[in-house]
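Reproduced below: upload_33.cif, with mmCIF, C-alpha atoms and all ligand atoms.
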data_final
loop_
_atom_site.label_atom_id
_atom_site.label_comp_id
_atom_site.auth_asym_id
_atom_site.auth_seq_id
_atom_site.Cartn_x
_atom_site.Cartn_y
_atom_site.Cartn_z
CA ASN A 1 4.28 22.31 -3.85
CA LEU A 2 1.31 20.29 -2.66
CA PRO A 3 -1.71 20.01 -4.98
CA THR A 4 -4.91 21.93 -4.20
CA HIS A 5 -7.09 18.98 -5.22
CA ALA A 6 -6.71 15.24 -4.76
CA THR A 7 -8.79 12.42 -6.25
CA ILE A 8 -9.98 9.57 -4.10
CA ILE A 9 -10.70 6.20 -5.71
CA GLU A 10 -12.94 4.40 -3.24
CA VAL A 11 -12.12 0.67 -3.12
CA GLY A 12 -14.23 -0.40 -0.11
CA ALA A 13 -16.86 -2.28 -2.07
CA ARG A 14 -14.15 -4.34 -3.78
CA ASP A 15 -10.89 -4.52 -1.78
CA GLY A 16 -12.94 -4.09 1.41
CA LEU A 17 -15.74 -6.56 0.95
CA GLN A 18 -13.66 -9.20 -0.90
CA ASN A 19 -11.92 -9.85 2.38
CA GLU A 20 -14.93 -10.13 4.69
CA LYS A 21 -15.42 -13.57 6.23
CA GLN A 22 -19.19 -13.23 6.18
CA LEU A 23 -20.82 -12.52 2.82
CA VAL A 24 -22.53 -9.12 2.73
CA PRO A 25 -26.00 -9.41 1.15
CA THR A 26 -26.00 -7.98 -2.37
CA ALA A 27 -28.74 -5.45 -1.62
CA ASP A 28 -26.69 -4.07 1.28
CA LYS A 29 -23.55 -3.83 -0.85
CA ILE A 30 -25.53 -1.86 -3.39
CA ALA A 31 -26.98 0.44 -0.72
CA PHE A 32 -23.44 0.96 0.65
CA ILE A 33 -22.17 1.92 -2.82
CA HIS A 34 -25.03 4.37 -3.31
CA LYS A 35 -24.30 5.97 0.06
CA LEU A 36 -20.62 6.25 -0.89
CA LYS A 37 -21.53 7.91 -4.16
CA ALA A 38 -23.83 10.33 -2.29
CA SER A 39 -20.78 11.59 -0.36
CA GLY A 40 -19.28 13.02 -3.55
CA LEU A 41 -16.94 10.20 -4.61
CA VAL A 42 -16.49 10.20 -8.36
CA GLU A 43 -14.24 7.18 -8.86
CA MET A 44 -14.80 3.79 -7.34
CA GLU A 45 -13.94 0.12 -7.67
CA LEU A 46 -17.36 -1.53 -7.61
CA THR A 47 -16.50 -5.22 -7.63
CA SER A 48 -14.50 -7.83 -9.52
CA PHE A 49 -15.19 -10.45 -12.17
CA VAL A 50 -12.95 -13.14 -10.68
CA SER A 51 -13.53 -16.83 -10.06
CA PRO A 52 -16.40 -17.27 -7.58
CA LYS A 53 -14.55 -20.31 -6.27
CA TRP A 54 -11.51 -18.23 -5.42
CA VAL A 55 -13.41 -15.20 -4.09
CA PRO A 56 -17.06 -16.03 -3.29
CA GLN A 57 -17.54 -12.53 -1.85
CA MET A 58 -17.52 -11.10 -5.39
CA SER A 59 -19.85 -13.67 -6.97
CA ASP A 60 -22.68 -11.12 -7.17
CA ALA A 61 -20.59 -8.79 -9.36
CA ALA A 62 -22.99 -8.68 -12.32
CA THR A 63 -25.90 -7.55 -10.13
CA VAL A 64 -23.77 -4.95 -8.35
CA ILE A 65 -22.62 -3.51 -11.67
CA GLU A 66 -26.13 -3.48 -13.09
CA GLN A 67 -27.43 -1.51 -10.10
CA CYS A 68 -24.47 0.83 -9.65
CA THR A 69 -23.09 1.79 -13.05
CA ASP A 70 -23.58 5.48 -13.82
CA GLN A 71 -21.67 8.31 -15.51
CA LEU A 72 -18.96 8.26 -12.84
CA ARG A 73 -15.76 6.26 -13.26
CA ASN A 74 -16.68 2.84 -11.89
CA PHE A 75 -14.02 0.15 -12.08
CA VAL A 76 -14.41 -3.60 -12.24
CA LEU A 77 -11.38 -5.84 -11.62
CA VAL A 78 -10.72 -8.43 -14.30
CA PRO A 79 -7.96 -11.05 -14.07
CA ASN A 80 -8.29 -12.78 -17.45
CA GLU A 81 -10.22 -13.26 -20.69
CA LYS A 82 -13.29 -14.61 -18.93
CA GLY A 83 -13.35 -11.53 -16.67
CA VAL A 84 -13.14 -9.25 -19.70
CA GLU A 85 -15.94 -11.15 -21.46
CA ARG A 86 -18.12 -10.70 -18.41
CA LEU A 87 -17.23 -6.99 -18.25
CA ARG A 88 -18.06 -6.50 -21.91
CA ALA A 89 -21.55 -7.84 -21.21
CA THR A 90 -22.20 -4.89 -18.86
CA ALA A 91 -22.54 -1.13 -19.32
CA CYS A 92 -19.35 -0.46 -17.36
CA LYS A 93 -16.49 0.92 -19.46
CA ASN A 94 -13.65 0.91 -16.93
CA ALA A 95 -11.48 -2.17 -16.47
CA ALA A 96 -8.90 -2.74 -13.75
CA PHE A 97 -6.30 -5.45 -14.33
CA PHE A 98 -4.09 -6.58 -11.46
CA VAL A 99 -0.62 -8.07 -11.61
CA GLY A 100 2.06 -8.50 -8.96
CA VAL A 101 5.66 -7.41 -9.40
CA SER A 102 6.46 -10.51 -7.38
CA ASN A 103 6.03 -13.79 -9.27
CA THR A 104 5.21 -15.76 -6.16
CA PHE A 105 2.44 -13.38 -5.16
CA ASN A 106 1.06 -13.36 -8.69
CA GLN A 107 0.99 -17.18 -8.70
CA LYS A 108 -0.92 -17.27 -5.43
CA ASN A 109 -3.31 -14.52 -6.51
CA ILE A 110 -4.09 -15.35 -10.14
CA ASN A 111 -2.35 -18.67 -10.72
CA ALA A 112 0.22 -17.52 -13.29
CA THR A 113 3.66 -15.96 -13.29
CA THR A 114 3.85 -12.22 -13.86
CA GLU A 115 5.15 -12.77 -17.40
CA GLU A 116 2.42 -15.32 -18.21
CA SER A 117 -0.18 -12.84 -16.98
CA LEU A 118 1.25 -10.06 -19.12
CA GLN A 119 1.24 -12.30 -22.21
CA LYS A 120 -2.41 -13.15 -21.66
CA ILE A 121 -3.75 -9.74 -20.70
CA GLY A 122 -1.74 -7.71 -23.22
CA PRO A 123 -4.12 -8.37 -26.13
CA LEU A 124 -7.11 -7.93 -23.81
CA ILE A 125 -5.96 -4.43 -22.86
CA GLU A 126 -5.32 -3.53 -26.49
CA GLY A 127 -8.82 -4.76 -27.41
CA LEU A 128 -10.48 -2.78 -24.65
CA LYS A 129 -8.54 0.37 -25.53
CA ALA A 130 -9.59 0.02 -29.17
CA ASP A 131 -13.20 -0.08 -27.97
CA GLY A 132 -12.91 3.06 -25.87
CA TYR A 133 -12.50 1.55 -22.41
CA PHE A 134 -10.49 3.19 -19.64
CA VAL A 135 -7.86 0.75 -18.41
CA ARG A 136 -6.33 0.80 -14.96
CA ALA A 137 -3.51 -1.50 -13.93
CA CYS A 138 -3.09 -2.34 -10.26
CA ILE A 139 0.55 -3.11 -9.57
CA SER A 140 0.56 -5.34 -6.49
CA THR A 141 3.57 -5.90 -4.22
CA SER A 142 5.25 -2.70 -5.41
CA PHE A 143 7.22 -2.39 -2.16
CA TYR A 144 7.20 -5.74 -0.36
CA CYS A 145 5.92 -9.22 -1.09
CA PRO A 146 4.71 -11.55 1.67
CA TYR A 147 6.69 -14.35 0.02
CA GLU A 148 9.68 -12.66 -1.65
CA GLY A 149 10.38 -9.73 0.68
CA LYS A 150 11.65 -6.34 -0.51
CA ILE A 151 10.87 -5.43 -4.13
CA GLU A 152 13.31 -3.33 -6.13
CA PRO A 153 11.92 -0.01 -7.42
CA ARG A 154 13.47 -0.74 -10.87
CA ALA A 155 11.37 -3.90 -11.12
CA VAL A 156 8.22 -1.85 -10.45
CA LEU A 157 9.22 0.67 -13.11
CA ALA A 158 9.86 -2.13 -15.62
CA LEU A 159 6.38 -3.60 -15.04
CA CYS A 160 4.77 -0.15 -15.25
CA GLU A 161 6.52 0.46 -18.58
CA ARG A 162 5.00 -2.74 -19.96
CA PHE A 163 1.50 -1.54 -19.07
CA VAL A 164 2.18 1.91 -20.51
CA ALA A 165 3.29 0.27 -23.78
CA LEU A 166 0.02 -1.67 -23.85
CA GLY A 167 -1.96 1.56 -23.52
CA ALA A 168 -3.00 1.54 -19.85
CA ASP A 169 -4.44 4.87 -18.70
CA GLU A 170 -3.66 4.50 -15.01
CA LEU A 171 -1.19 2.67 -12.79
CA SER A 172 -2.19 2.05 -9.19
CA ILE A 173 0.96 1.34 -7.22
CA ALA A 174 0.08 -0.91 -4.30
CA ASP A 175 1.67 -1.58 -0.95
CA THR A 176 -0.24 -4.86 -0.71
CA ILE A 177 0.82 -5.82 2.81
CA GLY A 178 1.31 -2.33 4.27
CA MET A 179 5.07 -2.53 4.81
CA ALA A 180 6.33 0.53 2.93
CA ASN A 181 7.71 3.55 4.77
CA PRO A 182 7.59 7.19 3.63
CA PHE A 183 11.20 7.19 2.37
CA GLU A 184 10.54 4.20 0.13
CA VAL A 185 7.30 5.75 -1.09
CA TYR A 186 8.97 9.03 -1.99
CA GLU A 187 11.80 7.19 -3.73
CA LEU A 188 9.54 4.95 -5.83
CA PHE A 189 7.08 7.65 -6.89
CA THR A 190 9.93 10.00 -7.77
CA LEU A 191 11.46 7.28 -9.97
CA LEU A 192 8.12 6.55 -11.66
CA LYS A 193 7.35 10.25 -12.23
CA GLU A 194 10.77 10.79 -13.79
CA ASN A 195 10.47 7.84 -16.16
CA LEU A 196 6.81 7.44 -17.14
CA PRO A 197 4.92 9.69 -19.54
CA PRO A 198 2.94 12.43 -17.73
CA SER A 199 -0.23 11.36 -19.57
CA VAL A 200 -0.42 8.18 -17.46
CA LEU A 201 -2.29 8.66 -14.19
CA LEU A 202 -0.30 7.52 -11.18
CA THR A 203 -2.21 6.43 -8.09
CA ALA A 204 -1.07 5.28 -4.66
CA HIS A 205 -2.76 2.30 -2.94
CA PHE A 206 -1.80 1.81 0.68
CA HIS A 207 -2.82 -0.89 3.10
CA ASP A 208 -2.41 0.29 6.68
CA THR A 209 -1.10 -2.86 8.35
CA ARG A 210 1.61 -0.99 10.26
CA GLY A 211 -0.07 2.39 10.62
CA MET A 212 2.16 3.99 7.97
CA ALA A 213 -0.49 4.81 5.38
CA LEU A 214 -1.20 8.47 6.20
CA ALA A 215 2.54 9.17 6.38
CA ASN A 216 2.94 7.36 3.07
CA ILE A 217 0.19 9.48 1.53
CA THR A 218 2.02 12.61 2.67
CA ALA A 219 5.23 11.30 1.10
CA SER A 220 3.32 10.56 -2.13
CA LEU A 221 1.91 14.09 -2.19
CA GLN A 222 5.45 15.43 -1.83
CA ALA A 223 6.49 13.28 -4.79
CA GLY A 224 3.70 14.83 -6.88
CA ILE A 225 0.98 12.17 -6.55
CA SER A 226 -2.61 13.34 -6.13
CA ARG A 227 -4.66 10.16 -6.65
CA PHE A 228 -5.25 7.74 -3.79
CA ASP A 229 -7.06 4.42 -3.48
CA THR A 230 -8.74 4.33 -0.08
CA SER A 231 -11.44 2.25 1.55
CA ALA A 232 -14.38 3.50 3.61
CA GLY A 233 -14.07 2.20 7.16
CA GLY A 234 -10.53 1.01 6.42
CA LEU A 235 -11.94 -2.29 5.16
CA GLY A 236 -9.82 -4.43 2.93
CA GLY A 237 -7.06 -6.90 2.37
CA CYS A 238 -6.21 -9.54 -0.15
CA PRO A 239 -7.18 -13.14 0.67
CA PHE A 240 -3.98 -14.31 -1.06
CA ALA A 241 -1.59 -11.95 0.74
CA PRO A 242 -1.06 -13.19 4.28
CA GLY A 243 -0.60 -10.26 6.63
CA ALA A 244 -2.50 -7.75 4.53
CA THR A 245 -4.99 -5.84 6.64
CA GLY A 246 -7.31 -3.08 5.54
CA ASN A 247 -6.68 -0.21 3.19
CA VAL A 248 -6.19 3.23 4.65
CA ALA A 249 -9.62 4.55 5.67
CA THR A 250 -11.18 7.01 3.22
CA GLU A 251 -12.56 9.13 6.06
CA ASP A 252 -9.12 9.51 7.68
CA VAL A 253 -7.54 10.48 4.35
CA VAL A 254 -10.33 12.95 3.53
CA TYR A 255 -9.97 14.51 6.98
CA MET A 256 -6.20 14.87 6.59
CA LEU A 257 -6.36 16.24 3.05
CA HIS A 258 -9.04 18.79 3.91
CA ALA A 259 -7.09 19.86 7.01
CA MET A 260 -4.07 20.41 4.74
CA GLY A 261 -6.13 22.60 2.41
CA ILE A 262 -6.39 19.92 -0.29
CA ASP A 263 -9.92 19.61 -1.66
CA THR A 264 -11.45 16.22 -2.51
CA GLY A 265 -15.07 17.13 -3.28
CA ILE A 266 -16.17 14.62 -0.63
CA SER A 267 -18.48 15.33 2.31
CA LEU A 268 -16.98 13.77 5.44
CA PRO A 269 -20.34 13.53 7.32
CA LYS A 270 -21.97 11.78 4.34
CA LEU A 271 -19.00 9.45 4.02
CA LEU A 272 -19.35 8.55 7.71
CA GLU A 273 -23.01 7.69 7.07
CA ALA A 274 -21.86 5.12 4.53
CA VAL A 275 -19.35 3.69 7.03
CA ALA A 276 -22.03 3.49 9.73
CA TYR A 277 -24.24 1.64 7.24
CA ILE A 278 -21.67 -1.08 6.52
CA GLU A 279 -20.41 -1.46 10.10
CA PRO A 280 -22.95 -4.11 11.22
CA PHE A 281 -21.91 -6.30 8.28
CA VAL A 282 -18.22 -6.45 9.08
CA THR A 283 -17.02 -8.95 11.62
CA HIS A 284 -13.92 -7.18 12.94
CA GLY A 285 -15.28 -3.74 13.83
CA ILE A 286 -14.29 -0.42 12.30
CA ALA A 287 -11.38 1.39 13.88
CA SER A 288 -10.78 4.46 11.70
CA ARG A 289 -10.08 7.55 13.78
CA GLN A 290 -12.82 9.63 12.16
CA PHE A 291 -15.44 6.93 12.61
CA LEU A 292 -14.55 6.39 16.29
CA LEU A 293 -14.58 10.15 16.90
CA ALA A 294 -17.98 10.49 15.26
CA GLN A 295 -19.32 7.62 17.41
CA ASN A 296 -17.79 9.17 20.57
CA LYS A 297 -15.80 5.99 21.14
P1 LIG Y 1 -7.61 -20.71 -12.37
O1 LIG Y 1 -8.15 -21.77 -11.47
O2 LIG Y 1 -6.22 -20.84 -12.89
O3 LIG Y 1 -8.62 -20.44 -13.58
O4 LIG Y 1 -7.75 -19.31 -11.61
P2 LIG Y 1 -8.97 -21.29 -14.85
O5 LIG Y 1 -8.84 -20.40 -16.03
O6 LIG Y 1 -8.23 -22.62 -14.86
O7 LIG Y 1 -10.53 -21.59 -14.62
C1 LIG Y 1 -10.97 -22.36 -13.51
C2 LIG Y 1 -12.46 -22.14 -13.27
O8 LIG Y 1 -12.69 -20.76 -12.93
C3 LIG Y 1 -13.30 -22.38 -14.51
O9 LIG Y 1 -14.58 -22.78 -14.03
C4 LIG Y 1 -13.45 -21.02 -15.11
O10 LIG Y 1 -14.59 -20.87 -15.91
C5 LIG Y 1 -13.57 -20.13 -13.88
P3 LIG Y 1 -15.00 -24.33 -13.93
O11 LIG Y 1 -14.82 -24.85 -15.33
O12 LIG Y 1 -14.05 -24.96 -12.95
O13 LIG Y 1 -16.41 -24.26 -13.44
N1 LIG Y 1 -13.12 -18.76 -14.12
C6 LIG Y 1 -13.86 -17.67 -13.89
N2 LIG Y 1 -15.10 -17.50 -13.42
C7 LIG Y 1 -15.56 -16.25 -13.34
N3 LIG Y 1 -14.84 -15.13 -13.67
C8 LIG Y 1 -13.59 -15.28 -14.14
C9 LIG Y 1 -13.06 -16.59 -14.27
N4 LIG Y 1 -11.87 -17.04 -14.69
C10 LIG Y 1 -11.93 -18.37 -14.60
N5 LIG Y 1 -12.88 -14.18 -14.47
C11 LIG Y 1 -8.19 -16.97 -11.75
C12 LIG Y 1 -7.33 -18.11 -12.24
C13 LIG Y 1 -7.53 -15.69 -12.24
C14 LIG Y 1 -9.60 -17.11 -12.31
C15 LIG Y 1 -8.25 -17.02 -10.20
O14 LIG Y 1 -6.94 -17.10 -9.72
C16 LIG Y 1 -8.91 -15.80 -9.61
O15 LIG Y 1 -10.10 -15.58 -9.77
N6 LIG Y 1 -8.15 -14.98 -8.88
C17 LIG Y 1 -8.66 -13.73 -8.32
C18 LIG Y 1 -7.95 -13.42 -7.05
C19 LIG Y 1 -8.48 -12.11 -6.48
O16 LIG Y 1 -9.59 -11.68 -6.74
N7 LIG Y 1 -7.64 -11.46 -5.64
C20 LIG Y 1 -7.99 -10.23 -5.02
C21 LIG Y 1 -7.93 -9.05 -5.94
S1 LIG Y 1 -6.29 -8.42 -6.18
C22 LIG Y 1 -6.00 -7.44 -4.78
O17 LIG Y 1 -6.78 -7.42 -3.87
C23 LIG Y 1 -4.80 -6.54 -4.79
C24 LIG Y 1 -5.13 -5.05 -5.06
O18 LIG Y 1 -6.01 -4.52 -4.09
C25 LIG Y 1 -3.83 -4.23 -5.06
C26 LIG Y 1 -2.97 -4.54 -3.83
O19 LIG Y 1 -3.37 -4.19 -2.70
O20 LIG Y 1 -1.93 -5.18 -4.05
C27 LIG Y 1 -5.77 -4.87 -6.44
MG MG Y 2 -5.43 -3.86 -2.13
#

For the structure just supplied, provide its representation as structure tokens.
Ligand code: HMG
Ligand code: MG
Amino acid sequence: NLPTHATIIEVGARDGLQNEKQLVPTADKIAFIHKLKASGLVEMELTSFVSPKWVPQMSDAATVIEQCTDQLRNFVLVPNEKGVERLRATACKNAAFFVGVSNTFNQKNINATTEESLQKIGPLIEGLKADGYFVRACISTSFYCPYEGKIEPRAVLALCERFVALGADELSIADTIGMANPFEVYELFTLLKENLPPSVLLTAHFHDTRGMALANITASLQAGISRFDTSAGGLGGCPFAPGATGNVATEDVVYMLHAMGIDTGISLPKLLEAVAYIEPFVTHGIASRQFLLAQNK
């Protein structure tokens, strides 16, 4: 019962570049995003309105949004009221909030407990929904936390239900440190599908720290998920999650989905052009299978 179409949400410009040691010049980020869009991607996290002291890599967010907002679904991450204010000053109508199931992770990432975050962002979500925004909620540490260990699926469901009650359109369920295995993925997505309204979009967000991400995507497909956050070149990681390496590479996911007869609307050669463009700006090299194959490495 696999789907015939899957949607890729490209997170390279945000999850990818937020974690680069060396700042990528704004003009090159923008060129990278345009090349990604030229490959047929229709949903993308562009950047984030977070504290420039916490994440200097995203301090050029306003310029990136100004140059890259179009009719496609472009997301901007917002952690708090200030982030929402900054978003409202742009033409972008898609907000992505992010909260951890794990309190400790949430403290390290946005300096508040999970409950404190929910109290503060609840009214912000309701306000954005009233004004016609699309709201995505990224649920970090949905499987494991670098500080608290294994996370119970029921705790993930409970947090998802809170966001659904607030009116969120999409839940992106994240394996922040790439520790989940396919059994756990199947179990969690089955639980969420059984208990959440079908109108809410469910998305899987895998980091590939232990090489499990493609297997986890297959397990998600089997559980009825057809939306995936992926990052061109496999860039990514969260500066506040020790042990988190890159997201699963978009090109490897697109290759696998197409080989399985699942359409994405994305051109793999064009996608690889975008990866080749960003490669000189990343300090750790790009190791996705499709990129290495294309480079004859
Ligand atoms: P705080 O220090 O508690 O903030 O940080 P504050 O409200 O006390 O404000 C302190 C200063 O920051 C003030 O400036 C504010 O104006 C400013 P000052 O008076 O000192 O000059 N400030 C801001 N500036 C710009 N934009 C804002 C903003 N908010 C406050 N929105 C805060 C709290 C949330 C700001 C901070 O913790 C933060 O920015 N955290 C972001 C962390 C982050 O970006 N993490 C990575 C993204 S999440 C992720 O990667 C996971 C994901 O991929 C899924 C997964 O894999 O799990 C989504
Ligand atoms: Mg992430």

- Message: as a PyMOL selection string, please: the residues near Ala232 of chain A (cut-off 10 Å, only C-alpha atoms, same-chain neighbours under 6 positions excluded).
- Response: chain A and resi 10-13+16+32+36+246-253+271-272+274-276+278+286+288+291

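Separating atom O15 of ligand LIG 1 (chain Y) from atom CA of Glu115 of chain A is a distance of 17.3 Å.
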
- Query: Separation of atom CA of Tyr147 of chain A and atom CA of Asp208 of chain A, in Å?
  - Reply: 18.5 Å

Quick one: everything within 9 Å of Leu17 of chain A, counting all atoms listed in the file, minus sequence neighbours fewer than 2 positions away in the same chain. Send it as a compact mmCIF listing (two decimals) with C-alpha atoms, keeping the file's coordinate frame.
# COMPACT_ATOMS: atom_id res chain seq x y z
CA GLY A 12 -14.23 -0.40 -0.11
CA ALA A 13 -16.86 -2.28 -2.07
CA ARG A 14 -14.15 -4.34 -3.78
CA ASP A 15 -10.89 -4.52 -1.78
CA ASN A 19 -11.92 -9.85 2.38
CA GLU A 20 -14.93 -10.13 4.69
CA LYS A 21 -15.42 -13.57 6.23
CA LEU A 23 -20.82 -12.52 2.82
CA VAL A 24 -22.53 -9.12 2.73
CA LYS A 29 -23.55 -3.83 -0.85
CA THR A 47 -16.50 -5.22 -7.63
CA GLN A 57 -17.54 -12.53 -1.85
CA MET A 58 -17.52 -11.10 -5.39
CA LEU A 235 -11.94 -2.29 5.16
CA GLY A 236 -9.82 -4.43 2.93
CA GLY A 237 -7.06 -6.90 2.37
CA VAL A 282 -18.22 -6.45 9.08

- Query: Given the choices A:Lys120, A:Arg154, A:Lys82, A:Lys35, which gets closest to Ser48 of chain A if the distance is worked out from only C-alpha atoms?
  - Reply: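 Smallest distance to Ser48 of chain A is found for A:Lys82.
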
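Using only C-alpha atoms and all ligand atoms, the shortest contact distance between ligand LIG 1 (chain Y) and any of A:Glu152, A:Glu279, A:Glu81, A:Asp60 is found at A:Glu81.
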
- Item | Distance criterion (only C-alpha atoms and all ligand atoms): nearest to ligand MG 2 (chain Y) out of A:Leu77, A:Ala215, A:Leu268, A:Val84 |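 Under the stated criterion, the closest residue is A:Leu77.
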
- Message: I want to know what sits within 10 Å of Asp263 of chain A, based on only C-alpha atoms, with residues of the same chain fewer than 2 positions away left out; could you give that as a list of chain:residue names?
- Response: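 So the residues in contact are A:Pro3, A:Thr4, A:His5, A:Ala6, A:Thr7, A:Val254, A:Leu257, A:His258, A:Ala259, A:Met260, A:Gly261, A:Gly265, A:Ile266.
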
- Using only C-alpha atoms and all ligand atoms, which of the listed residues (A:Ser102, A:Gln71, A:Thr264, A:Asn181) sits closest to ligand LIG 1 (chain Y)?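 That would be A:Ser102, the residue with the smallest distance to ligand LIG 1 (chain Y).
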
- Given a cut-off of 6 Å, what residues near ligand LIG 1 (chain Y) show up using only C-alpha atoms and all ligand atoms, put as an NGL selection string? :A and (15 or 49-52 or 54-55 or 79-80 or 82-83 or 98 or 109-111 or 138 or 140-141 or 174-176 or 238)

- Message: Rounded to one decimal, what separation in Å do you get between atom CA of Ala31 of chain A and atom CA of Phe240 of chain A?
- Response: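 Spanning atom CA of Ala31 of chain A to atom CA of Phe240 of chain A is a straight-line distance of 27.3 Å.
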
- Query: Of the residues A:Phe189, A:Phe75, A:Tyr255, A:Phe134, which is the one nearest to Pro153 of chain A, using all atoms listed in the file?
  - Reply: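 Answer, going by the shortest atom-to-atom distance: A:Phe189.
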